[in-house]
There are 2 protein chains.
Amino acid sequence: MDLRITGGFAPPGHNHRRCIVDAMDRAAQVCAARGARLTPQRRRVLELIWSSHKPVGAYGLIEQLSESGQQVAPPTVYRALDFLLANGLVHRIERLNAFVGCPEVEQDHAPQFLICGDCGDVAELREQSVEAAIAAGARSAGFVGWRASVEVVGVCPECAGGISP
Amino acid sequence: MDLRITGGFAPPGHNHRRCIVDAMDRAAQVCAARGARLTPQRRRVLELIWSSHKPVGAYGLIEQLSESGQQVAPPTVYRALDFLLANGLVHRIERLNAFVGCPEVEQDHAPQFLICGDCGDVAELREQSVEAAIAAGARSAGFVGWRASVEVVGVCPECAGGISP
DNA sequence: TCCAATACGTTATAGTATAACAAATAGTGT
DNA sequence: ACACTATTTGTTATACTATAACGTATTGGA
């Protein structure tokens, strides 16, 4: 059993090592199932992305890799990111030009992201009602074949608690 | 009376000159009302943004300005954009790093954008149900003080009609 | 084992955005 | 009209994000 963080923020004192381990397990499973090659390079990038619940940019990854002795150029990490995105293992936060791990890799989805403007943590939400409302709006405008990205910037419970407990 | 395009895409043969004129009128009104200075520079940038319903990037604006004889450096146009954004005269499309004119400048709002992946046109939607659904999701996650951006990529009625009429 | 596909390395460059400081201009009160 | 102050604009340099183009290596299968 794994403790996936979907539907809200990771609790303050949660065992994040579990997040990482579970994420890597799921990634291995999914890739094996579909014959996608989770190479050491890609695995390493995924691990770095999962090192926190904060989105990380491509050049942040390059720096982290460099610090751990692996000198890579931008195309290398962008290619790893392309693979991870294509396989639904990470999501891209458009407004941040950054990437977060996906806690629900089994099926393709377009979640809502809650981005804490204070601590930077991101939570992934899947509100059916949001998708339904967007679908209704799109249909009324005659829009077809669409895919939506929803990014919500605010303050997470933890940070809000700190301000007015 | 003006024909604001909110709630859907601009119809194929619409009189776009009216879009521009109306947008500039509204901008002048709003700025006058709140004592914001719509300088020639800012006015020019707003006109260029309204020259179509397609988002335009900062460097696209610089190029257009340069073509019309005005040589400006990036900070100039970014400052104009900051002003226009702050006063709700334009919106930023995060996933495109580009800007579109806002057809509803009177009050602050966070609309949904329908982006045609074919022709590039963008429509601004304000579905109350979308905002409500996001609000519900955010509340359930303990998220506070938020603001959402919704960007939907698909095919507009016009382009879809061309494919299967 | 050889072939073809896939992944990775490398260099250069395109595209987006801002920092920092100087100069000019507009609005305010006298 | 005058000086004062705030705002706007100009200028240079630079940071950050992303991809093109080409070559090499590795992998998996016929």
# chains A, B, ... in the order shown; residues from 1 in each chain; ligands from 1
>>> interface_residues(of="chain B", to="chain A", cutoff="6 Å", atoms="only C-alpha atoms", output="mmCIF file with all heavy atoms, in the first residue's frame")
data_model
loop_
_atom_site.group_PDB
_atom_site.id
_atom_site.type_symbol
_atom_site.label_atom_id
_atom_site.label_comp_id
_atom_site.auth_asym_id
_atom_site.auth_seq_id
_atom_site.Cartn_x
_atom_site.Cartn_y
_atom_site.Cartn_z
ATOM 1 N N GLY B 8 -17.231 33.382 -26.185
ATOM 2 C CA GLY B 8 -17.059 32.596 -27.395
ATOM 3 C C GLY B 8 -16.070 33.236 -28.335
ATOM 4 O O GLY B 8 -15.490 34.266 -28.026
ATOM 5 N N GLU B 94 -0.467 31.919 -19.962
ATOM 6 C CA GLU B 94 0.751 31.375 -19.368
ATOM 7 C C GLU B 94 1.454 30.391 -20.277
ATOM 8 O O GLU B 94 2.667 30.456 -20.460
ATOM 9 C CB GLU B 94 0.435 30.699 -18.035
ATOM 10 C CG GLU B 94 -0.116 31.634 -16.962
ATOM 11 C CD GLU B 94 0.904 32.672 -16.516
ATOM 12 O OE1 GLU B 94 2.109 32.499 -16.779
ATOM 13 O OE2 GLU B 94 0.487 33.681 -15.912
ATOM 14 N N ARG B 95 0.689 29.488 -20.851
ATOM 15 C CA ARG B 95 1.328 28.415 -21.605
ATOM 16 C C ARG B 95 1.936 28.911 -22.903
ATOM 17 O O ARG B 95 2.679 28.197 -23.570
ATOM 18 C CB ARG B 95 0.342 27.289 -21.886
ATOM 19 C CG ARG B 95 -0.690 27.597 -22.939
ATOM 20 C CD ARG B 95 -1.442 26.321 -23.321
ATOM 21 N NE ARG B 95 -1.839 25.565 -22.162
ATOM 22 C CZ ARG B 95 -1.517 24.279 -21.950
ATOM 23 N NH1 ARG B 95 -0.791 23.627 -22.830
ATOM 24 N NH2 ARG B 95 -1.939 23.666 -20.879
ATOM 25 N N SER B 129 -19.847 28.412 -13.202
ATOM 26 C CA SER B 129 -19.773 27.049 -12.652
ATOM 27 C C SER B 129 -18.327 26.571 -12.536
ATOM 28 O O SER B 129 -17.993 25.788 -11.645
ATOM 29 C CB SER B 129 -20.570 26.094 -13.535
ATOM 30 O OG SER B 129 -20.076 26.148 -14.864
ATOM 31 N N VAL B 130 -17.461 27.054 -13.433
ATOM 32 C CA VAL B 130 -16.054 26.669 -13.340
ATOM 33 C C VAL B 130 -15.439 27.273 -12.086
ATOM 34 O O VAL B 130 -14.774 26.578 -11.304
ATOM 35 C CB VAL B 130 -15.264 27.133 -14.590
ATOM 36 C CG1 VAL B 130 -13.776 26.884 -14.407
ATOM 37 C CG2 VAL B 130 -15.779 26.438 -15.834
ATOM 38 N N ALA B 133 -16.699 25.447 -9.048
ATOM 39 C CA ALA B 133 -16.130 24.113 -8.868
ATOM 40 C C ALA B 133 -14.700 24.212 -8.339
ATOM 41 O O ALA B 133 -14.285 23.449 -7.460
ATOM 42 C CB ALA B 133 -16.161 23.346 -10.188
ATOM 43 N N ALA B 141 -9.382 21.471 0.080
ATOM 44 C CA ALA B 141 -7.960 21.216 0.335
ATOM 45 C C ALA B 141 -7.394 22.200 1.357
ATOM 46 O O ALA B 141 -6.197 22.164 1.656
ATOM 47 C CB ALA B 141 -7.178 21.298 -0.961
ATOM 48 N N GLY B 142 -8.243 23.091 1.873
ATOM 49 C CA GLY B 142 -7.774 24.065 2.855
ATOM 50 C C GLY B 142 -6.951 25.185 2.247
ATOM 51 O O GLY B 142 -6.189 25.871 2.925
ATOM 52 N N PHE B 143 -7.142 25.379 0.975
ATOM 53 C CA PHE B 143 -6.386 26.378 0.225
ATOM 54 C C PHE B 143 -7.111 27.715 0.344
ATOM 55 O O PHE B 143 -8.328 27.785 0.196
ATOM 56 C CB PHE B 143 -6.343 25.920 -1.231
ATOM 57 C CG PHE B 143 -5.187 26.436 -2.027
ATOM 58 C CD1 PHE B 143 -3.881 26.190 -1.627
ATOM 59 C CD2 PHE B 143 -5.399 27.121 -3.201
ATOM 60 C CE1 PHE B 143 -2.810 26.638 -2.393
ATOM 61 C CE2 PHE B 143 -4.332 27.572 -3.970
ATOM 62 C CZ PHE B 143 -3.042 27.336 -3.553
ATOM 63 N N VAL B 144 -6.378 28.787 0.606
ATOM 64 C CA VAL B 144 -7.036 30.086 0.804
ATOM 65 C C VAL B 144 -6.416 31.192 -0.054
ATOM 66 O O VAL B 144 -5.268 31.093 -0.501
ATOM 67 C CB VAL B 144 -6.983 30.513 2.291
ATOM 68 C CG1 VAL B 144 -7.696 29.505 3.167
ATOM 69 C CG2 VAL B 144 -5.537 30.691 2.745
ATOM 70 N N GLY B 145 -7.198 32.239 -0.262
ATOM 71 C CA GLY B 145 -6.707 33.431 -0.940
ATOM 72 C C GLY B 145 -6.215 33.186 -2.344
ATOM 73 O O GLY B 145 -5.277 33.800 -2.799
ATOM 74 N N TRP B 146 -6.914 32.329 -3.052
ATOM 75 C CA TRP B 146 -6.382 31.867 -4.313
ATOM 76 C C TRP B 146 -6.927 32.633 -5.511
ATOM 77 O O TRP B 146 -7.881 33.383 -5.435
ATOM 78 C CB TRP B 146 -6.688 30.385 -4.475
ATOM 79 C CG TRP B 146 -8.116 30.073 -4.252
ATOM 80 C CD1 TRP B 146 -8.693 29.721 -3.065
ATOM 81 C CD2 TRP B 146 -9.155 30.124 -5.212
ATOM 82 N NE1 TRP B 146 -10.025 29.537 -3.262
ATOM 83 C CE2 TRP B 146 -10.342 29.778 -4.568
ATOM 84 C CE3 TRP B 146 -9.190 30.410 -6.569
ATOM 85 C CZ2 TRP B 146 -11.563 29.732 -5.224
ATOM 86 C CZ3 TRP B 146 -10.400 30.367 -7.236
ATOM 87 C CH2 TRP B 146 -11.570 30.025 -6.555
ATOM 88 N N ARG B 147 -6.294 32.390 -6.620
ATOM 89 C CA ARG B 147 -6.696 32.918 -7.921
ATOM 90 C C ARG B 147 -6.316 31.880 -8.968
ATOM 91 O O ARG B 147 -5.193 31.399 -8.985
ATOM 92 C CB ARG B 147 -5.979 34.227 -8.187
ATOM 93 C CG ARG B 147 -6.388 34.908 -9.468
ATOM 94 C CD ARG B 147 -5.631 36.209 -9.665
ATOM 95 N NE ARG B 147 -6.054 36.880 -10.874
ATOM 96 C CZ ARG B 147 -7.059 37.751 -10.942
ATOM 97 N NH1 ARG B 147 -7.728 38.061 -9.844
ATOM 98 N NH2 ARG B 147 -7.388 38.310 -12.079
ATOM 99 N N ALA B 148 -7.276 31.544 -9.818
ATOM 100 C CA ALA B 148 -7.067 30.438 -10.755
ATOM 101 C C ALA B 148 -6.874 30.907 -12.181
ATOM 102 O O ALA B 148 -7.440 31.919 -12.598
ATOM 103 C CB ALA B 148 -8.255 29.479 -10.695
ATOM 104 N N SER B 149 -6.059 30.184 -12.910
ATOM 105 C CA SER B 149 -5.991 30.400 -14.351
ATOM 106 C C SER B 149 -6.365 29.102 -15.051
ATOM 107 O O SER B 149 -5.882 28.032 -14.703
ATOM 108 C CB SER B 149 -4.596 30.857 -14.758
ATOM 109 O OG SER B 149 -3.641 29.903 -14.404
ATOM 110 N N VAL B 150 -7.252 29.229 -16.013
ATOM 111 C CA VAL B 150 -7.747 28.066 -16.750
ATOM 112 C C VAL B 150 -7.474 28.281 -18.227
ATOM 113 O O VAL B 150 -7.923 29.275 -18.802
ATOM 114 C CB VAL B 150 -9.259 27.869 -16.526
ATOM 115 C CG1 VAL B 150 -9.752 26.658 -17.297
ATOM 116 C CG2 VAL B 150 -9.579 27.740 -15.045
ATOM 117 N N GLU B 151 -6.704 27.387 -18.792
ATOM 118 C CA GLU B 151 -6.371 27.492 -20.209
ATOM 119 C C GLU B 151 -6.737 26.195 -20.908
ATOM 120 O O GLU B 151 -6.250 25.131 -20.536
ATOM 121 C CB GLU B 151 -4.882 27.815 -20.375
ATOM 122 C CG GLU B 151 -4.521 29.169 -19.751
ATOM 123 C CD GLU B 151 -3.030 29.503 -19.830
ATOM 124 O OE1 GLU B 151 -2.260 28.661 -20.301
ATOM 125 O OE2 GLU B 151 -2.663 30.610 -19.411
ATOM 126 N N VAL B 152 -7.582 26.297 -21.905
ATOM 127 C CA VAL B 152 -8.089 25.123 -22.600
ATOM 128 C C VAL B 152 -7.604 25.163 -24.044
ATOM 129 O O VAL B 152 -7.884 26.113 -24.761
ATOM 130 C CB VAL B 152 -9.628 25.094 -22.572
ATOM 131 C CG1 VAL B 152 -10.136 23.750 -23.052
ATOM 132 C CG2 VAL B 152 -10.156 25.405 -21.183
ATOM 133 N N VAL B 153 -6.875 24.133 -24.438
ATOM 134 C CA VAL B 153 -6.392 24.056 -25.814
ATOM 135 C C VAL B 153 -7.261 23.090 -26.593
ATOM 136 O O VAL B 153 -7.536 21.992 -26.125
ATOM 137 C CB VAL B 153 -4.922 23.585 -25.863
ATOM 138 C CG1 VAL B 153 -4.445 23.516 -27.295
ATOM 139 C CG2 VAL B 153 -4.046 24.513 -25.059
ATOM 140 N N GLY B 154 -7.713 23.512 -27.753
ATOM 141 C CA GLY B 154 -8.553 22.652 -28.580
ATOM 142 C C GLY B 154 -8.695 23.241 -29.956
ATOM 143 O O GLY B 154 -7.765 23.882 -30.444
ATOM 144 N N VAL B 155 -9.845 23.015 -30.565
ATOM 145 C CA VAL B 155 -10.088 23.529 -31.913
ATOM 146 C C VAL B 155 -11.366 24.362 -31.901
ATOM 147 O O VAL B 155 -12.407 23.905 -31.426
ATOM 148 C CB VAL B 155 -10.215 22.380 -32.930
ATOM 149 C CG1 VAL B 155 -10.441 22.921 -34.331
ATOM 150 C CG2 VAL B 155 -8.973 21.500 -32.901
ATOM 151 N N CYS B 156 -11.276 25.572 -32.408
ATOM 152 C CA CYS B 156 -12.420 26.485 -32.401
ATOM 153 C C CYS B 156 -13.446 26.048 -33.444
ATOM 154 O O CYS B 156 -13.128 25.288 -34.353
ATOM 155 C CB CYS B 156 -11.957 27.915 -32.652
ATOM 156 S SG CYS B 156 -11.486 28.253 -34.367
ATOM 157 N N PRO B 157 -14.687 26.520 -33.310
ATOM 158 C CA PRO B 157 -15.770 26.117 -34.214
ATOM 159 C C PRO B 157 -15.393 26.346 -35.673
ATOM 160 O O PRO B 157 -15.619 25.474 -36.515
ATOM 161 C CB PRO B 157 -16.923 27.032 -33.825
ATOM 162 C CG PRO B 157 -16.597 27.583 -32.496
ATOM 163 C CD PRO B 157 -15.135 27.471 -32.291
#
>>> closest_atom_pairs(of="chain C", to="chain A", cutoff="9 Å", atoms="only C-alpha atoms (C1' of nucleotides)", output="CSV")
residue,atom,partner,partner_atom,distance
C:DA7,C1',A:Thr39,CA,8.8
C:DC8,C1',A:Thr76,CA,7.2
C:DG9,C1',A:Thr76,CA,8.1
C:DT10,C1',A:Ala73,CA,8.0
>>> write_last_selection(atoms="all heavy atoms", output="PDB file, in the first residue's frame")
ATOM      1  P    DA C   7      13.745   5.813 -26.300  1.00  0.00           P
ATOM      2  OP1  DA C   7      13.082   5.280 -25.096  1.00  0.00           O
ATOM      3  OP2  DA C   7      13.160   6.941 -27.043  1.00  0.00           O
ATOM      4  O5'  DA C   7      15.238   6.190 -25.917  1.00  0.00           O
ATOM      5  C5'  DA C   7      16.058   5.196 -25.304  1.00  0.00           C
ATOM      6  C4'  DA C   7      17.449   5.742 -25.120  1.00  0.00           C
ATOM      7  O4'  DA C   7      18.068   5.943 -26.412  1.00  0.00           O
ATOM      8  C3'  DA C   7      17.533   7.089 -24.392  1.00  0.00           C
ATOM      9  O3'  DA C   7      18.408   6.930 -23.290  1.00  0.00           O
ATOM     10  C2'  DA C   7      18.077   8.057 -25.443  1.00  0.00           C
ATOM     11  C1'  DA C   7      18.842   7.125 -26.356  1.00  0.00           C
ATOM     12  N9   DA C   7      18.982   7.585 -27.734  1.00  0.00           N
ATOM     13  C8   DA C   7      17.989   7.886 -28.617  1.00  0.00           C
ATOM     14  N7   DA C   7      18.417   8.268 -29.803  1.00  0.00           N
ATOM     15  C5   DA C   7      19.794   8.206 -29.684  1.00  0.00           C
ATOM     16  C6   DA C   7      20.836   8.499 -30.579  1.00  0.00           C
ATOM     17  N6   DA C   7      20.628   8.899 -31.845  1.00  0.00           N
ATOM     18  N1   DA C   7      22.107   8.330 -30.141  1.00  0.00           N
ATOM     19  C2   DA C   7      22.313   7.923 -28.884  1.00  0.00           C
ATOM     20  N3   DA C   7      21.415   7.618 -27.950  1.00  0.00           N
ATOM     21  C4   DA C   7      20.164   7.788 -28.414  1.00  0.00           C
ATOM     22  P    DC C   8      18.669   8.137 -22.293  1.00  0.00           P
ATOM     23  OP1  DC C   8      18.942   7.555 -20.964  1.00  0.00           O
ATOM     24  OP2  DC C   8      17.609   9.143 -22.490  1.00  0.00           O
ATOM     25  O5'  DC C   8      20.040   8.750 -22.836  1.00  0.00           O
ATOM     26  C5'  DC C   8      21.216   7.961 -22.793  1.00  0.00           C
ATOM     27  C4'  DC C   8      22.353   8.724 -23.446  1.00  0.00           C
ATOM     28  O4'  DC C   8      22.033   8.945 -24.834  1.00  0.00           O
ATOM     29  C3'  DC C   8      22.621  10.101 -22.837  1.00  0.00           C
ATOM     30  O3'  DC C   8      23.941  10.123 -22.333  1.00  0.00           O
ATOM     31  C2'  DC C   8      22.415  11.081 -24.006  1.00  0.00           C
ATOM     32  C1'  DC C   8      22.585  10.177 -25.217  1.00  0.00           C
ATOM     33  N1   DC C   8      21.852  10.636 -26.438  1.00  0.00           N
ATOM     34  C2   DC C   8      22.570  10.910 -27.596  1.00  0.00           C
ATOM     35  O2   DC C   8      23.806  10.782 -27.578  1.00  0.00           O
ATOM     36  N3   DC C   8      21.900  11.321 -28.699  1.00  0.00           N
ATOM     37  C4   DC C   8      20.583  11.443 -28.684  1.00  0.00           C
ATOM     38  N4   DC C   8      19.958  11.851 -29.803  1.00  0.00           N
ATOM     39  C5   DC C   8      19.821  11.161 -27.507  1.00  0.00           C
ATOM     40  C6   DC C   8      20.498  10.761 -26.412  1.00  0.00           C
ATOM     41  P    DG C   9      24.571  11.485 -21.749  1.00  0.00           P
ATOM     42  OP1  DG C   9      25.552  11.103 -20.713  1.00  0.00           O
ATOM     43  OP2  DG C   9      23.473  12.416 -21.427  1.00  0.00           O
ATOM     44  O5'  DG C   9      25.368  12.056 -23.006  1.00  0.00           O
ATOM     45  C5'  DG C   9      26.420  11.293 -23.567  1.00  0.00           C
ATOM     46  C4'  DG C   9      27.261  12.162 -24.503  1.00  0.00           C
ATOM     47  O4'  DG C   9      26.525  12.402 -25.734  1.00  0.00           O
ATOM     48  C3'  DG C   9      27.619  13.538 -23.949  1.00  0.00           C
ATOM     49  O3'  DG C   9      28.977  13.810 -24.284  1.00  0.00           O
ATOM     50  C2'  DG C   9      26.648  14.487 -24.669  1.00  0.00           C
ATOM     51  C1'  DG C   9      26.440  13.788 -25.999  1.00  0.00           C
ATOM     52  N9   DG C   9      25.132  14.007 -26.599  1.00  0.00           N
ATOM     53  C8   DG C   9      23.907  13.765 -26.015  1.00  0.00           C
ATOM     54  N7   DG C   9      22.895  14.035 -26.802  1.00  0.00           N
ATOM     55  C5   DG C   9      23.488  14.482 -27.980  1.00  0.00           C
ATOM     56  C6   DG C   9      22.894  14.922 -29.191  1.00  0.00           C
ATOM     57  O6   DG C   9      21.699  14.997 -29.477  1.00  0.00           O
ATOM     58  N1   DG C   9      23.857  15.296 -30.128  1.00  0.00           N
ATOM     59  C2   DG C   9      25.220  15.247 -29.913  1.00  0.00           C
ATOM     60  N2   DG C   9      25.983  15.646 -30.915  1.00  0.00           N
ATOM     61  N3   DG C   9      25.781  14.837 -28.778  1.00  0.00           N
ATOM     62  C4   DG C   9      24.860  14.476 -27.862  1.00  0.00           C
ATOM     63  P    DT C  10      29.717  15.093 -23.787  1.00  0.00           P
ATOM     64  OP1  DT C  10      31.166  14.808 -23.760  1.00  0.00           O
ATOM     65  OP2  DT C  10      29.032  15.560 -22.568  1.00  0.00           O
ATOM     66  O5'  DT C  10      29.452  16.136 -24.959  1.00  0.00           O
ATOM     67  C5'  DT C  10      29.697  15.736 -26.310  1.00  0.00           C
ATOM     68  C4'  DT C  10      29.664  16.958 -27.209  1.00  0.00           C
ATOM     69  O4'  DT C  10      28.365  17.029 -27.862  1.00  0.00           O
ATOM     70  C3'  DT C  10      29.874  18.295 -26.503  1.00  0.00           C
ATOM     71  O3'  DT C  10      30.822  19.042 -27.231  1.00  0.00           O
ATOM     72  C2'  DT C  10      28.490  18.927 -26.492  1.00  0.00           C
ATOM     73  C1'  DT C  10      27.856  18.338 -27.750  1.00  0.00           C
ATOM     74  N1   DT C  10      26.379  18.213 -27.724  1.00  0.00           N
ATOM     75  C2   DT C  10      25.660  18.501 -28.861  1.00  0.00           C
ATOM     76  O2   DT C  10      26.177  18.860 -29.899  1.00  0.00           O
ATOM     77  N3   DT C  10      24.303  18.337 -28.732  1.00  0.00           N
ATOM     78  C4   DT C  10      23.611  17.939 -27.606  1.00  0.00           C
ATOM     79  O4   DT C  10      22.386  17.837 -27.612  1.00  0.00           O
ATOM     80  C5   DT C  10      24.425  17.659 -26.447  1.00  0.00           C
ATOM     81  C7   DT C  10      23.782  17.219 -25.174  1.00  0.00           C
ATOM     82  C6   DT C  10      25.756  17.804 -26.565  1.00  0.00           C
TER      83       DT C  10
END
>>> atom_distance(atom1="CA of Ala98 (chain A)", atom2="CA of Arg43 (chain A)")
17.5 Å
>>> interface_residues(of="chain D", to="chain A", cutoff="12 Å", atoms="only C-alpha atoms (C1' of nucleotides)", output="list in words")
DA15, DC16, DT17, DA18, DT19, DA20, DA21, DT26, DT27 and DG28 of chain D
>>> residues_around(residues="Leu61 (chain A)", least_positions_apart="2", cutoff="8 Å", atoms="only C-alpha atoms (C1' of nucleotides)", output="PDB file with N, CA and C atoms, in the first residue's frame")
ATOM      1  N   VAL A  45      16.473  11.842 -12.998  1.00  0.00           N
ATOM      2  CA  VAL A  45      15.717  13.095 -13.112  1.00  0.00           C
ATOM      3  C   VAL A  45      14.403  12.986 -12.338  1.00  0.00           C
ATOM      4  N   LEU A  48      15.005  13.348  -8.688  1.00  0.00           N
ATOM      5  CA  LEU A  48      15.267  14.734  -8.297  1.00  0.00           C
ATOM      6  C   LEU A  48      13.968  15.538  -8.246  1.00  0.00           C
ATOM      7  N   ILE A  49      13.085  15.291  -9.226  1.00  0.00           N
ATOM      8  CA  ILE A  49      11.809  16.009  -9.227  1.00  0.00           C
ATOM      9  C   ILE A  49      11.003  15.652  -7.988  1.00  0.00           C
ATOM     10  N   VAL A  56      10.238  22.000  -9.918  1.00  0.00           N
ATOM     11  CA  VAL A  56      11.638  22.311 -10.179  1.00  0.00           C
ATOM     12  C   VAL A  56      11.824  22.557 -11.670  1.00  0.00           C
ATOM     13  N   GLY A  57      12.613  23.549 -11.993  1.00  0.00           N
ATOM     14  CA  GLY A  57      12.848  23.897 -13.391  1.00  0.00           C
ATOM     15  C   GLY A  57      13.943  23.054 -14.009  1.00  0.00           C
ATOM     16  N   ALA A  58      14.015  23.069 -15.324  1.00  0.00           N
ATOM     17  CA  ALA A  58      14.991  22.254 -16.037  1.00  0.00           C
ATOM     18  C   ALA A  58      16.410  22.615 -15.602  1.00  0.00           C
ATOM     19  N   TYR A  59      16.661  23.902 -15.452  1.00  0.00           N
ATOM     20  CA  TYR A  59      18.020  24.310 -15.103  1.00  0.00           C
ATOM     21  C   TYR A  59      18.328  24.035 -13.641  1.00  0.00           C
ATOM     22  N   GLU A  63      21.496  21.794 -12.447  1.00  0.00           N
ATOM     23  CA  GLU A  63      22.390  22.173 -11.351  1.00  0.00           C
ATOM     24  C   GLU A  63      22.512  21.042 -10.328  1.00  0.00           C
ATOM     25  N   GLN A  64      21.373  20.461  -9.974  1.00  0.00           N
ATOM     26  CA  GLN A  64      21.399  19.358  -9.010  1.00  0.00           C
ATOM     27  C   GLN A  64      22.204  18.187  -9.539  1.00  0.00           C
ATOM     28  N   LEU A  65      22.032  17.884 -10.810  1.00  0.00           N
ATOM     29  CA  LEU A  65      22.795  16.788 -11.405  1.00  0.00           C
ATOM     30  C   LEU A  65      24.282  17.099 -11.352  1.00  0.00           C
ATOM     31  N   VAL A  77      18.558  16.962 -20.190  1.00  0.00           N
ATOM     32  CA  VAL A  77      17.511  16.987 -19.180  1.00  0.00           C
ATOM     33  C   VAL A  77      16.153  17.279 -19.810  1.00  0.00           C
TER      34      VAL A  77
END
>>> select_by_dssp(residues="region 11-151 of chain A", states="strand (DSSP E)", output="VMD selection string")
chain A and resid 90 to 93 98 to 101 112 to 116 122 to 125 144 to 151
>>> write_last_selection(atoms="N, CA and C atoms", output="tab-separated table (two decimals), in the first residue's frame")
chain	number	residue	atom	x	y	z
A	90	VAL	N	5.42	12.92	-14.76
A	90	VAL	CA	5.50	14.28	-14.19
A	90	VAL	C	4.51	15.18	-14.93
A	91	HIS	N	4.20	16.30	-14.29
A	91	HIS	CA	3.38	17.33	-14.92
A	91	HIS	C	4.21	18.59	-15.06
A	92	ARG	N	3.82	19.40	-16.03
A	92	ARG	CA	4.45	20.70	-16.19
A	92	ARG	C	3.53	21.78	-15.64
A	93	ILE	N	4.08	22.64	-14.79
A	93	ILE	CA	3.32	23.79	-14.30
A	93	ILE	C	3.64	24.96	-15.22
A	98	ALA	N	8.05	24.85	-14.78
A	98	ALA	CA	8.67	23.90	-13.85
A	98	ALA	C	7.84	22.62	-13.81
A	99	PHE	N	8.40	21.62	-13.15
A	99	PHE	CA	7.84	20.29	-13.21
A	99	PHE	C	7.66	19.68	-11.83
A	100	VAL	N	6.57	18.91	-11.67
A	100	VAL	CA	6.31	18.20	-10.42
A	100	VAL	C	6.00	16.75	-10.73
A	101	GLY	N	6.25	15.92	-9.76
A	101	GLY	CA	5.93	14.52	-9.91
A	101	GLY	C	4.43	14.31	-9.88
A	112	GLN	N	-6.08	19.59	-11.62
A	112	GLN	CA	-5.95	20.98	-11.20
A	112	GLN	C	-4.78	21.06	-10.21
A	113	PHE	N	-3.98	22.09	-10.37
A	113	PHE	CA	-2.84	22.25	-9.48
A	113	PHE	C	-3.08	23.40	-8.51
A	114	LEU	N	-2.86	23.10	-7.24
A	114	LEU	CA	-2.91	24.14	-6.22
A	114	LEU	C	-1.46	24.50	-5.89
A	115	ILE	N	-1.10	25.74	-6.12
A	115	ILE	CA	0.28	26.17	-5.95
A	115	ILE	C	0.37	27.14	-4.78
A	116	CYS	N	1.09	26.78	-3.74
A	116	CYS	CA	1.22	27.69	-2.60
A	116	CYS	C	2.23	28.78	-2.95
A	122	VAL	N	3.15	22.20	-4.26
A	122	VAL	CA	2.06	22.04	-5.21
A	122	VAL	C	1.27	20.78	-4.87
A	123	ALA	N	-0.05	20.90	-4.89
A	123	ALA	CA	-0.91	19.74	-4.70
A	123	ALA	C	-1.69	19.49	-5.97
A	124	GLU	N	-1.94	18.23	-6.23
A	124	GLU	CA	-2.69	17.86	-7.43
A	124	GLU	C	-4.10	17.47	-7.05
A	125	LEU	N	-5.05	18.07	-7.73
A	125	LEU	CA	-6.46	17.83	-7.43
A	125	LEU	C	-7.13	17.22	-8.66
A	144	VAL	N	-13.89	22.05	-29.62
A	144	VAL	CA	-13.83	20.59	-29.63
A	144	VAL	C	-12.41	20.07	-29.42
A	145	GLY	N	-12.32	18.83	-28.99
A	145	GLY	CA	-11.04	18.13	-28.87
A	145	GLY	C	-10.07	18.78	-27.93
A	146	TRP	N	-10.59	19.29	-26.84
A	146	TRP	CA	-9.76	20.13	-25.99
A	146	TRP	C	-9.13	19.38	-24.81
A	147	ARG	N	-8.24	20.08	-24.19
A	147	ARG	CA	-7.57	19.63	-22.97
A	147	ARG	C	-7.26	20.85	-22.13
A	148	ALA	N	-7.64	20.79	-20.86
A	148	ALA	CA	-7.54	21.99	-20.02
A	148	ALA	C	-6.42	21.90	-19.00
A	149	SER	N	-5.80	23.03	-18.71
A	149	SER	CA	-4.89	23.09	-17.58
A	149	SER	C	-5.41	24.14	-16.60
A	150	VAL	N	-5.46	23.73	-15.35
A	150	VAL	CA	-5.97	24.60	-14.29
A	150	VAL	C	-4.89	24.78	-13.25
A	151	GLU	N	-4.49	26.02	-13.04
A	151	GLU	CA	-3.45	26.30	-12.04
A	151	GLU	C	-3.97	27.35	-11.07
>>> residues_around(residues="DA30 (chain D)", least_positions_apart="4", cutoff="12 Å", atoms="only C-alpha atoms (C1' of nucleotides)", output="ChimeraX atom specification")
/C:1-4
>>> atom_distance(atom1="CA of Ala23 (chain B)", atom2="CA of His109 (chain B)")
16.7 Å
>>> atom_distance(atom1="CA of Phe83 (chain A)", atom2="CA of Leu46 (chain A)")
10.3 Å
